[in-house]
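Peer 1: Quick one: the structure is below, and I'll ask about it shortly.
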Amino acid sequence: MPAKYSIKDLERLSGIKAHTLRIWEQRYAILRPERSETNIRHYSNGDLKRILNISLLNNNGHKISKIASLSDEDLVKEAEKLLNNYNNESDQIENLVLCLMDFNEDRFDKTITNSVIHFGFENTIEKIVFPFLKHLGNMWQVGMINPAQEHFLSNLIRQKLIVGIDGLMPNSLTSPKTCVLFLPNGELHEIGLLYANFILKRKGHRCVYLGQSVPLEDLSMIAKTMNPDYVISIITSKLEDMELDTYIQHLATEMPDAQFLLSGRMVVDGPEEYTLPKRFKVFEDFASFKKQISEL
């Protein structure tokens, strides 16, 4: 992460309004900003870590006047007590932000492992990992993280999902559906698709997982071979080869008997207008996805 942050950066990361941060800074001296030659405040990594810990304590009922009286060492200790209690899923999101800042794989592993123990695998993914990834996306858009940091956490999360899939004891279904899961050509954001694969396999359906960046012609060949009942895809980035509407029509033509479940930023709230054939449904989140596949 960059060595210098604006107060708006601290607001985005901590959730504490910049106005509140300024009041706390003036009244309690909780932050120690440096100033540029033009007298503009900027904050260090140390300030960011401190405000994340303050936010955690404050969100859990600690008064700011009490928090401000703590030394840096005691502040960290009090924050870690909360993080180690695993009472609230949301607390662990801030823990993952701290893992990101320090490239701390051991802390990440401990956070996810203990969250799974306390909250369960699905709650950990849906209430901790996905909100964190949304947070990560916001940080990326404003230039607060670099590609190395994004890849570091994304690959660790991907590994956890693969381990979760490998450890499944699926239900036995009388008539399991054949489900093909893929990302379009050039699409690399795989974590959501992996989780969809986990949910379907846990229910006992047969999954053909194609993964990232599948060209349309390859998908057509698989479709003819497998004749899938359902096709699941998540489209996060703008398609490389064609407009979204054209792409959807191609999918409908190539797999005339399949039902489609689509999600991703470009589908849910993307800038393009498109028409969905009757066999296509959109899921905005995994609560919606689970509801739709419960009918399979």
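Here, A, B, ... name the chains of the structure tokens in the order displayed, residue numbers run from 1 inside each chain, and ligands are numbered from 1 in the same displayed order.
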For range 35-45 of chain A, work out the shell of residues within 12 Å, counting only C-alpha atoms and skipping chain neighbours fewer than 5 positions away, then give it as a VMD selection string.

Peer 2: chain A and resid 1 to 11 13 21 to 22 25 30 50 to 52 98 100 to 102 144

Peer 1: Please produce, as CSV, a per-residue contact table for range 128-150 of chain A versus range 188-193 of chain A (criterion: any atom at most 10 Å away, only C-alpha atoms considered), showing the nearest atom pair and its distance in Å to one decimal, sorted by chain then residue number.

Peer 2:
residue,atom,partner,partner_atom,distance
A:Val129,CA,A:Ile191,CA,9.8
A:Phe130,CA,A:Gly192,CA,8.5
A:Leu133,CA,A:Ile191,CA,9.6

Peer 1: Write out as a list of chain:residue names all residues of range 97-192 of chain A that DSSP puts in strand (DSSP E) for this structure's backbone.

Peer 2: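 Matching residues, listed in order: A:Thr178, A:Cys179, A:Val180, A:Leu181, A:Phe182, A:Leu183, A:Pro184.
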
Peer 1: Using DSSP on the backbone coordinates, identify the residues of range 146-246 of chain A assigned to helix (DSSP H, G or I); present them as a ChimeraX atom specification.

Peer 2: /A:147-166,191-203,216-226,244-246

Peer 1: Name the residues in contact with Asp218 in chain A at a cut-off of 12 Å, using only C-alpha atoms, excluding same-chain residues fewer than 4 positions from it; report them as number ranges by chain.

Peer 2: A: 182-185, 210, 213-214, 222-225, 251, 254

Peer 1: Based on the selection just made, write N, CA and C atoms of those residues as a compact mmCIF listing (two decimals), in the first residue's frame.

Peer 2:
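Okay, part_9.txt is ready:
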# COMPACT_ATOMS: atom_id res chain seq x y z
N PHE A 182 -18.19 -21.54 -16.21
CA PHE A 182 -17.09 -20.96 -16.98
C PHE A 182 -17.07 -19.44 -16.83
N LEU A 183 -15.93 -18.86 -17.16
CA LEU A 183 -15.80 -17.41 -17.30
C LEU A 183 -15.50 -17.11 -18.77
N PRO A 184 -16.04 -16.00 -19.31
CA PRO A 184 -15.81 -15.67 -20.71
C PRO A 184 -14.35 -15.41 -21.03
N ASN A 185 -14.05 -15.41 -22.29
CA ASN A 185 -12.69 -15.17 -22.77
C ASN A 185 -12.16 -13.84 -22.21
N LEU A 210 -14.95 -25.28 -16.01
CA LEU A 210 -14.02 -24.88 -17.06
C LEU A 210 -13.11 -23.74 -16.62
N SER A 213 -11.41 -17.60 -18.54
CA SER A 213 -11.09 -17.23 -19.92
C SER A 213 -11.37 -18.34 -20.94
N VAL A 214 -12.64 -18.73 -21.06
CA VAL A 214 -13.02 -19.79 -22.00
C VAL A 214 -13.53 -19.16 -23.29
N ILE A 222 -17.76 -28.01 -25.82
CA ILE A 222 -18.10 -28.66 -24.55
C ILE A 222 -19.61 -28.87 -24.46
N ALA A 223 -20.37 -27.86 -24.90
CA ALA A 223 -21.82 -27.93 -24.82
C ALA A 223 -22.37 -29.09 -25.65
N LYS A 224 -21.81 -29.29 -26.83
CA LYS A 224 -22.27 -30.39 -27.68
C LYS A 224 -21.92 -31.75 -27.08
N THR A 225 -20.78 -31.81 -26.39
CA THR A 225 -20.34 -33.07 -25.79
C THR A 225 -21.12 -33.40 -24.53
N LEU A 251 -24.67 -17.47 -26.77
CA LEU A 251 -24.82 -18.53 -25.79
C LEU A 251 -26.16 -19.24 -25.96
N GLU A 254 -26.01 -21.45 -29.15
CA GLU A 254 -25.11 -22.61 -29.05
C GLU A 254 -25.64 -23.68 -28.09

Peer 1: What is the CA of Ser69 in chain A-CA of Ile23 in chain A distance in Å, reported with one decimal?

Peer 2: 15.7 Å

Peer 1: Do you know which residues are at most 12 Å from Phe198 in chain A counting only C-alpha atoms, after dropping those on the same chain fewer than 2 positions away, and could you put them as number ranges by chain?

Peer 2: A: 121-122, 125, 158, 160-170, 179, 181, 191-196, 200-209, 286, 290

Peer 1: Using only C-alpha atoms, determine which residues lie at most 12 Å from Leu70 in chain A, disregarding the query and same-chain residues fewer than 4 positions distant; provide the list as a list in words.

Peer 2: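 Here the qualifying residues turn out to be Tyr28, Ala29, Ile30, Arg50, Asn53, Ile54, Leu57, His62, Lys63, Ile64, Ser65, Lys66, Asp74, Leu75, Val76, Lys77, Glu78 and Ala79 of chain A.
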
Peer 1: If we count only C-alpha atoms, what is near Tyr274 in chain A at a cut-off of 12 Å, once residues fewer than 6 positions away on the same chain are taken out, given as an NGL selection string?

Peer 2: :A and (243-249 or 266-268 or 280)

Peer 1: Excluding Phe283 in chain A and its own-chain neighbours fewer than 4 positions away, which residues fall within 7 Å of it when counting only C-alpha atoms? Please give them as number ranges by chain.

Peer 2: A: 261-263, 288-289

Peer 1: Create the file for the chosen residues now, containing C-alpha atoms and written as a PDB file, in the first residue's frame.

Peer 2:
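Full text of out_29.pdb as output:
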ATOM      1  CA  LEU A 261     -27.618 -18.454 -14.456  1.00  0.00           C
ATOM      2  CA  LEU A 262     -25.548 -15.286 -14.878  1.00  0.00           C
ATOM      3  CA  SER A 263     -24.045 -12.794 -12.468  1.00  0.00           C
ATOM      4  CA  SER A 288     -30.281 -15.457  -4.707  1.00  0.00           C
ATOM      5  CA  PHE A 289     -28.145 -18.170  -6.354  1.00  0.00           C
TER       6      PHE A 289
END

Peer 1: Which value, in Å to one decimal, gives the distance between CA of Asn138 in chain A and CA of Arg12 in chain A?

Peer 2: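 Those two atoms sit 8.2 Å apart.
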
Peer 1: With distances taken over only C-alpha atoms, which of A:Pro256, A:Pro131, A:Gly211, A:Gly270 is nearest to Lys238 in chain A?

Peer 2: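 Nearest candidate to Lys238 in chain A out of A:Pro256, A:Pro131, A:Gly211, A:Gly270: A:Gly270.
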
Peer 1: Where does range 112-231 of chain A meet range 81-97 of chain A within 12 Å, residue by residue, with the nearest atom pair and distance in Å to one decimal for each, counting only C-alpha atoms, listed by chain and rising number, as a tab-separated table?

Peer 2:
residue	atom	partner	partner_atom	distance
A:Ile112	CA	A:Gln92	CA	8.6
A:Thr113	CA	A:Tyr86	CA	11.1
A:Asn114	CA	A:Tyr86	CA	7.7
A:Ser115	CA	A:Tyr86	CA	6.8
A:Val116	CA	A:Tyr86	CA	10.1
A:Ile117	CA	A:Tyr86	CA	9.5
A:His118	CA	A:Tyr86	CA	6.7
A:Phe119	CA	A:Glu89	CA	7.5
A:Gly120	CA	A:Glu89	CA	10.6
A:Phe121	CA	A:Glu89	CA	11.8
A:Glu122	CA	A:Glu89	CA	11.7
A:Asn123	CA	A:Glu89	CA	8.1
A:Thr124	CA	A:Glu89	CA	7.3
A:Ile125	CA	A:Glu89	CA	10.1
A:Glu126	CA	A:Glu89	CA	9.7
A:Lys127	CA	A:Glu89	CA	6.3
A:Ile128	CA	A:Ile93	CA	5.6
A:Val129	CA	A:Ile93	CA	7.3
A:Phe130	CA	A:Ile93	CA	9.3
A:Pro131	CA	A:Ile93	CA	7.3
A:Phe132	CA	A:Ile93	CA	5.5
A:Leu133	CA	A:Ile93	CA	9.3
A:Lys134	CA	A:Ile93	CA	10.5
A:His135	CA	A:Ile93	CA	8.9
A:Leu136	CA	A:Val97	CA	8.4
A:Met139	CA	A:Val97	CA	10.5
A:Met144	CA	A:Val97	CA	11.8
A:Ile145	CA	A:Val97	CA	10.8
A:Gln149	CA	A:Val97	CA	10.5
A:Glu150	CA	A:Val97	CA	11.0
A:Phe152	CA	A:Leu96	CA	11.7
A:Leu153	CA	A:Leu96	CA	8.6
A:Ser154	CA	A:Leu96	CA	11.3
A:Leu156	CA	A:Leu96	CA	11.3
A:Ile157	CA	A:Leu96	CA	10.8

Peer 1: Using C-alpha atoms, can you write the selected residues to a file as a PDB file, in the first residue's frame?

Peer 2:
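The new file result-v9.pdb reads:
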ATOM      1  CA  ILE A 112      -9.984 -17.776   7.613  1.00  0.00           C
ATOM      2  CA  THR A 113      -9.423 -21.067   9.445  1.00  0.00           C
ATOM      3  CA  ASN A 114     -10.827 -19.764  12.724  1.00  0.00           C
ATOM      4  CA  SER A 115     -13.712 -18.045  10.949  1.00  0.00           C
ATOM      5  CA  VAL A 116     -14.654 -21.362   9.329  1.00  0.00           C
ATOM      6  CA  ILE A 117     -14.553 -23.037  12.755  1.00  0.00           C
ATOM      7  CA  HIS A 118     -16.709 -20.378  14.409  1.00  0.00           C
ATOM      8  CA  PHE A 119     -19.071 -19.326  11.604  1.00  0.00           C
ATOM      9  CA  GLY A 120     -18.952 -22.206   9.119  1.00  0.00           C
ATOM     10  CA  PHE A 121     -17.459 -22.293   5.626  1.00  0.00           C
ATOM     11  CA  GLU A 122     -20.362 -20.689   3.783  1.00  0.00           C
ATOM     12  CA  ASN A 123     -20.844 -17.856   6.285  1.00  0.00           C
ATOM     13  CA  THR A 124     -17.105 -17.175   6.156  1.00  0.00           C
ATOM     14  CA  ILE A 125     -17.158 -16.862   2.381  1.00  0.00           C
ATOM     15  CA  GLU A 126     -20.429 -14.917   2.115  1.00  0.00           C
ATOM     16  CA  LYS A 127     -20.161 -12.624   5.156  1.00  0.00           C
ATOM     17  CA  ILE A 128     -16.403 -12.097   5.402  1.00  0.00           C
ATOM     18  CA  VAL A 129     -14.611 -12.919   2.157  1.00  0.00           C
ATOM     19  CA  PHE A 130     -17.083 -11.426  -0.346  1.00  0.00           C
ATOM     20  CA  PRO A 131     -17.575  -8.146   1.586  1.00  0.00           C
ATOM     21  CA  PHE A 132     -13.787  -7.929   1.857  1.00  0.00           C
ATOM     22  CA  LEU A 133     -13.414  -8.451  -1.900  1.00  0.00           C
ATOM     23  CA  LYS A 134     -15.958  -5.689  -2.528  1.00  0.00           C
ATOM     24  CA  HIS A 135     -13.900  -3.486  -0.230  1.00  0.00           C
ATOM     25  CA  LEU A 136     -10.803  -4.555  -2.173  1.00  0.00           C
ATOM     26  CA  MET A 139      -9.604   0.275  -2.937  1.00  0.00           C
ATOM     27  CA  MET A 144      -5.093   2.460  -2.891  1.00  0.00           C
ATOM     28  CA  ILE A 145      -3.681  -1.000  -3.629  1.00  0.00           C
ATOM     29  CA  GLN A 149      -1.520  -6.943  -3.173  1.00  0.00           C
ATOM     30  CA  GLU A 150      -4.713  -7.875  -5.006  1.00  0.00           C
ATOM     31  CA  PHE A 152      -1.692 -11.978  -3.013  1.00  0.00           C
ATOM     32  CA  LEU A 153      -5.060 -12.093  -1.211  1.00  0.00           C
ATOM     33  CA  SER A 154      -7.074 -13.323  -4.193  1.00  0.00           C
ATOM     34  CA  LEU A 156      -4.972 -17.208  -0.959  1.00  0.00           C
ATOM     35  CA  ILE A 157      -8.783 -17.041  -1.051  1.00  0.00           C
TER      36      ILE A 157
END

Peer 1: Hey, which of A:Trp140, A:Asp109, A:Thr178, A:Asp47 ends up closest to Gln159 in chain A? Count only C-alpha atoms.

Peer 2: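 Closest candidate: A:Asp109.
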
Peer 1: Looking at A:Glu105, A:Lys17, A:Met242, A:Ser233, which one is nearest to Lys281 in chain A, with distances taken over only C-alpha atoms?

Peer 2: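 Smallest distance to Lys281 in chain A is found for A:Ser233.
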